[in-house]
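To start, the structure itself, in structure tokens.
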Amino acid sequence: MKRYILLVAVMMIGMAAVSMALTIGLVLGNMDNPYFVEMANAAKTQAKALGADLIVLNANYSNATQYNQVEDLIQRKVDAIVINPTDSDALVPAAEAAYKAGIPFICIDRTVNSPHISLDIESNNTEAGEIDGEALVKMLNGKGNIAVILGTPGLSVQRERTEGFMQVVKKYPNIHIVAEQNGNFNMADGMKAAEAILTAHPNLDAIYAENDPMALGAVQAIKEFNRKGIKVFAIDASPQGIEALKKGEITVEVGQQPRKMTMLAIAAADFLARGFKLVLPSNTQNKRYFLRVYGITKSNVEKWIADSVHGWH
């Protein structure tokens, strides 16, 4: 007889472990971004609540390393794998290897383009781009010169944040996208991208950066160039990003929920490994379950902080 459980039930983070402890592998794309460090912290909290053993691995941006880590976890016969993929296409063989081994394979924050994933839990990244786009258009009164600092190519999160933003701003003919630079979702590359943009475009009104490290890099570049008045729109709402918003260095943040995302994924991994079937909400698309994102400005930032854990949701 099949057993069923609603996805919302996995939010019960304090649930006692059922029967014997399981081993779950958490494979993160990198750990130099506080966002992913907080994911690891949340995973440890949830695994402890469930009585599960957790193995945390860091791929350091390498597709090959991450694939090898998944293969190693399969050889070690872990009960489930939760992965933050370095690339949505390059990790397809890893998803298929786990599927063949009968090991649940849950993606977080970014998906793997394979029908053999068990579940994907991530932010609604298209909506995140839309929120920043709508805020930008409103604050510029529908006209101005803007630049986009893009995340790492090949990731679903980069593609969707770009699509969401572009489908808003391109409705306004007096909003001119004068530059697009790649910032690879890290602060150093984001700063380099912003420096190149500021050098080439002296009349810039705003920068849309697709995550906080790149936005904070842009903030540093703006300070170095002494270019006051440039509005910065970001995604993450990290503690560092929120501090920059409070200082007026970032104009709008779009808040993600990495703690909730990861705790849901660890709990789902535990349930799937025990043979439960997850009955997903109707808004789930191709096993992709999207968490809400939130626009944050100075008017509501204190509530965001008050509701957070370590500054994260």
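As shown in the structure tokens, the chain order sets the letters A, B, ...; within each chain, residues go from 1, and ligands are also counted from 1 in the order they appear.
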| request: May I have all residues of range 228-277 of chain A that DSSP, computed from the backbone, assigns to alpha helix (DSSP H), given as a list in words? | output: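 The alpha helix (DSSP H) subset of range 228-277 of chain A is Pro239, Gln240, Gly241, Ile242, Glu243, Ala244, Leu245, Lys246, Pro258, Arg259, Lys260, Met261, Thr262, Met263, Leu264, Ala265, Ile266, Ala267, Ala268, Ala269, Asp270, Phe271, Leu272 and Ala273 of chain A.
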How about saving the chosen residues, C-alpha atoms kept, as a PDB file, in the first residue's frame?
ATOM      1  CA  PRO A 239      22.626  40.347   6.181  1.00  0.00           C
ATOM      2  CA  GLN A 240      25.319  42.262   4.277  1.00  0.00           C
ATOM      3  CA  GLY A 241      22.849  43.308   1.594  1.00  0.00           C
ATOM      4  CA  ILE A 242      20.327  44.424   4.187  1.00  0.00           C
ATOM      5  CA  GLU A 243      22.949  46.575   5.916  1.00  0.00           C
ATOM      6  CA  ALA A 244      23.762  48.184   2.563  1.00  0.00           C
ATOM      7  CA  LEU A 245      20.053  48.807   1.991  1.00  0.00           C
ATOM      8  CA  LYS A 246      19.713  50.466   5.398  1.00  0.00           C
ATOM      9  CA  PRO A 258      17.534  29.815   1.967  1.00  0.00           C
ATOM     10  CA  ARG A 259      16.902  28.422   5.459  1.00  0.00           C
ATOM     11  CA  LYS A 260      13.327  27.385   4.693  1.00  0.00           C
ATOM     12  CA  MET A 261      14.373  26.056   1.281  1.00  0.00           C
ATOM     13  CA  THR A 262      17.100  23.850   2.719  1.00  0.00           C
ATOM     14  CA  MET A 263      15.120  22.611   5.700  1.00  0.00           C
ATOM     15  CA  LEU A 264      12.278  21.590   3.398  1.00  0.00           C
ATOM     16  CA  ALA A 265      14.739  19.764   1.148  1.00  0.00           C
ATOM     17  CA  ILE A 266      16.395  17.844   3.992  1.00  0.00           C
ATOM     18  CA  ALA A 267      13.023  16.839   5.403  1.00  0.00           C
ATOM     19  CA  ALA A 268      11.787  15.806   1.945  1.00  0.00           C
ATOM     20  CA  ALA A 269      14.954  13.751   1.438  1.00  0.00           C
ATOM     21  CA  ASP A 270      14.336  11.969   4.730  1.00  0.00           C
ATOM     22  CA  PHE A 271      10.725  11.183   3.830  1.00  0.00           C
ATOM     23  CA  LEU A 272      11.563   9.986   0.317  1.00  0.00           C
ATOM     24  CA  ALA A 273      14.340   7.758   1.615  1.00  0.00           C
TER      25      ALA A 273
END
| request: Write out as an NGL selection string all residues of range 42-229 of chain A that backbone DSSP assigns to strand (DSSP E). | output: :A and (53-58 or 80-83 or 105-108 or 119-123 or 144-150 or 175-182 or 206-209)
Using only N, CA, C and O atoms, please write the residues we just selected to a file, as a short mmCIF file (atom, residue, chain, number, x, y, z; two decimals), in the first residue's frame.
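Output saved as selection-v2.cif:
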data_model
loop_
_atom_site.label_atom_id
_atom_site.label_comp_id
_atom_site.auth_asym_id
_atom_site.auth_seq_id
_atom_site.Cartn_x
_atom_site.Cartn_y
_atom_site.Cartn_z
N ASP A 53 21.96 11.61 9.89
CA ASP A 53 23.36 11.97 9.73
C ASP A 53 23.51 12.76 8.45
O ASP A 53 22.92 12.43 7.42
N LEU A 54 24.33 13.81 8.49
CA LEU A 54 24.48 14.70 7.34
C LEU A 54 25.94 14.78 6.92
O LEU A 54 26.83 15.01 7.75
N ILE A 55 26.20 14.59 5.63
CA ILE A 55 27.53 14.78 5.05
C ILE A 55 27.47 16.03 4.18
O ILE A 55 26.68 16.09 3.24
N VAL A 56 28.28 17.05 4.49
CA VAL A 56 28.28 18.30 3.74
C VAL A 56 29.53 18.37 2.88
O VAL A 56 30.65 18.24 3.38
N LEU A 57 29.35 18.59 1.58
CA LEU A 57 30.46 18.66 0.64
C LEU A 57 30.40 19.97 -0.13
O LEU A 57 29.33 20.50 -0.39
N ASN A 58 31.57 20.48 -0.51
CA ASN A 58 31.70 21.75 -1.22
C ASN A 58 32.42 21.50 -2.54
O ASN A 58 33.56 21.03 -2.55
N ALA A 80 19.95 9.51 0.72
CA ALA A 80 19.41 10.56 -0.13
C ALA A 80 20.49 11.60 -0.39
O ALA A 80 21.44 11.73 0.39
N ILE A 81 20.34 12.33 -1.49
CA ILE A 81 21.28 13.39 -1.86
C ILE A 81 20.50 14.67 -2.08
O ILE A 81 19.51 14.69 -2.81
N VAL A 82 20.96 15.74 -1.44
CA VAL A 82 20.43 17.09 -1.68
C VAL A 82 21.56 17.88 -2.32
O VAL A 82 22.67 17.93 -1.80
N ILE A 83 21.28 18.50 -3.46
CA ILE A 83 22.35 19.13 -4.24
C ILE A 83 21.98 20.55 -4.66
O ILE A 83 20.85 20.82 -5.05
N PHE A 105 17.12 12.29 -5.18
CA PHE A 105 18.05 13.34 -5.62
C PHE A 105 17.27 14.64 -5.66
O PHE A 105 16.48 14.89 -6.56
N ILE A 106 17.47 15.48 -4.64
CA ILE A 106 16.69 16.71 -4.46
C ILE A 106 17.57 17.91 -4.74
O ILE A 106 18.65 18.05 -4.16
N CYS A 107 17.13 18.79 -5.63
CA CYS A 107 17.86 20.02 -5.95
C CYS A 107 17.37 21.16 -5.08
O CYS A 107 16.17 21.26 -4.78
N ILE A 108 18.30 22.05 -4.70
CA ILE A 108 17.91 23.26 -3.99
C ILE A 108 18.55 24.48 -4.66
O ILE A 108 19.68 24.42 -5.12
N LEU A 119 12.96 16.02 -6.79
CA LEU A 119 12.28 17.24 -6.40
C LEU A 119 13.28 18.39 -6.54
O LEU A 119 14.49 18.19 -6.40
N ASP A 120 12.77 19.57 -6.83
CA ASP A 120 13.59 20.78 -6.85
C ASP A 120 12.86 21.83 -6.03
O ASP A 120 11.68 22.10 -6.26
N ILE A 121 13.54 22.41 -5.04
CA ILE A 121 12.97 23.47 -4.21
C ILE A 121 13.83 24.71 -4.39
O ILE A 121 15.03 24.67 -4.10
N GLU A 122 13.24 25.78 -4.88
CA GLU A 122 14.03 26.98 -5.12
C GLU A 122 13.15 28.21 -5.04
O GLU A 122 11.93 28.13 -4.95
N SER A 123 13.80 29.37 -5.06
CA SER A 123 13.06 30.62 -5.11
C SER A 123 12.37 30.76 -6.46
O SER A 123 12.82 30.20 -7.46
N GLY A 144 15.46 56.14 -18.24
CA GLY A 144 16.81 56.19 -17.71
C GLY A 144 17.71 55.17 -18.37
O GLY A 144 17.27 54.31 -19.14
N ASN A 145 19.00 55.27 -18.06
CA ASN A 145 20.02 54.35 -18.55
C ASN A 145 20.38 53.36 -17.46
O ASN A 145 20.76 53.77 -16.35
N ILE A 146 20.26 52.09 -17.78
CA ILE A 146 20.51 51.06 -16.76
C ILE A 146 21.48 50.01 -17.28
O ILE A 146 21.67 49.85 -18.49
N ALA A 147 22.10 49.31 -16.34
CA ALA A 147 23.02 48.21 -16.67
C ALA A 147 22.62 46.97 -15.88
O ALA A 147 22.02 47.07 -14.80
N VAL A 148 22.96 45.82 -16.43
CA VAL A 148 22.64 44.54 -15.80
C VAL A 148 23.94 43.78 -15.55
O VAL A 148 24.76 43.62 -16.45
N ILE A 149 24.13 43.33 -14.30
CA ILE A 149 25.25 42.45 -13.98
C ILE A 149 24.68 41.05 -13.82
O ILE A 149 23.92 40.76 -12.89
N LEU A 150 25.01 40.20 -14.77
CA LEU A 150 24.44 38.86 -14.88
C LEU A 150 25.18 37.86 -14.00
O LEU A 150 26.39 37.99 -13.76
N ILE A 175 13.41 53.28 -21.04
CA ILE A 175 14.41 52.61 -20.20
C ILE A 175 15.41 51.98 -21.16
O ILE A 175 15.06 51.09 -21.94
N HIS A 176 16.65 52.43 -21.12
CA HIS A 176 17.67 51.96 -22.05
C HIS A 176 18.68 51.07 -21.32
O HIS A 176 19.35 51.53 -20.38
N ILE A 177 18.77 49.82 -21.75
CA ILE A 177 19.78 48.91 -21.19
C ILE A 177 21.07 49.16 -21.95
O ILE A 177 21.24 48.71 -23.09
N VAL A 178 21.99 49.89 -21.33
CA VAL A 178 23.21 50.33 -22.03
C VAL A 178 24.36 49.34 -21.89
O VAL A 178 25.34 49.42 -22.63
N ALA A 179 24.24 48.38 -20.94
CA ALA A 179 25.34 47.42 -20.77
C ALA A 179 24.85 46.18 -20.04
O ALA A 179 23.96 46.24 -19.18
N GLU A 180 25.42 45.05 -20.42
CA GLU A 180 25.23 43.78 -19.71
C GLU A 180 26.61 43.16 -19.52
O GLU A 180 27.34 42.96 -20.49
N GLN A 181 26.97 42.90 -18.28
CA GLN A 181 28.28 42.32 -17.96
C GLN A 181 28.07 41.10 -17.08
O GLN A 181 27.16 41.06 -16.26
N ASN A 182 28.95 40.12 -17.23
CA ASN A 182 28.87 38.91 -16.41
C ASN A 182 29.64 39.09 -15.11
O ASN A 182 30.80 39.49 -15.13
N ALA A 206 21.02 53.37 -13.00
CA ALA A 206 20.75 52.23 -12.13
C ALA A 206 21.50 50.98 -12.59
O ALA A 206 21.83 50.85 -13.78
N ILE A 207 21.75 50.09 -11.62
CA ILE A 207 22.34 48.78 -11.90
C ILE A 207 21.45 47.71 -11.29
O ILE A 207 21.06 47.81 -10.12
N TYR A 208 21.13 46.72 -12.08
CA TYR A 208 20.44 45.52 -11.58
C TYR A 208 21.48 44.41 -11.49
O TYR A 208 22.08 44.02 -12.49
N ALA A 209 21.73 43.94 -10.27
CA ALA A 209 22.68 42.85 -10.03
C ALA A 209 21.91 41.63 -9.54
O ALA A 209 21.08 41.74 -8.62
#
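Close contacts of Lys143 in chain A, defined as residues with an atom at most 10 Å away when counting only C-alpha atoms, with chain neighbours fewer than 4 positions off set aside, comprise Leu136, Val137, Lys138, Met139, Val169, Tyr172, Pro173, Asn174, Ile175, His176 and Asp205 of chain A.
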| request: Within 10 Å of range 290-300 of chain A, counting only C-alpha atoms, which residues show up once you throw out same-chain ones fewer than 2 positions away? Write them as a count of residues only, please. | output: 43
| said: Restricting the calculation to only C-alpha atoms: of A:Thr152, A:Gln167, A:Asn84, A:Thr111, which residue gets closest to Tyr35 in chain A? | reply: A:Asn84
| task | Could you check which of A:Gly142, A:Pro85, A:Arg110, A:Tyr99 is closest to Lys170 in chain A, using only C-alpha atoms? | result |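 Result for the nearest residue to Lys170 in chain A: A:Gly142.
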| query | Hey, can you check how far CA of Arg159 in chain A sits from CA of Gly183 in chain A? | reply |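 Between these atoms lies a distance of 13.5 Å.
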| Separation of CA of Val168 in chain A from CA of Glu249 in chain A in Å |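 Computing it gives 23.2 Å between the two atoms.
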| message | At a cut-off of 10 Å, using only C-alpha atoms, what residues contact Ala59 in chain A? Leave out same-chain residues fewer than 5 positions from it and give the result as JSON, numbers by chain. | response | {"A": [27, 28, 29, 30, 31, 64, 65, 66, 67, 68, 69, 84, 85, 86]}
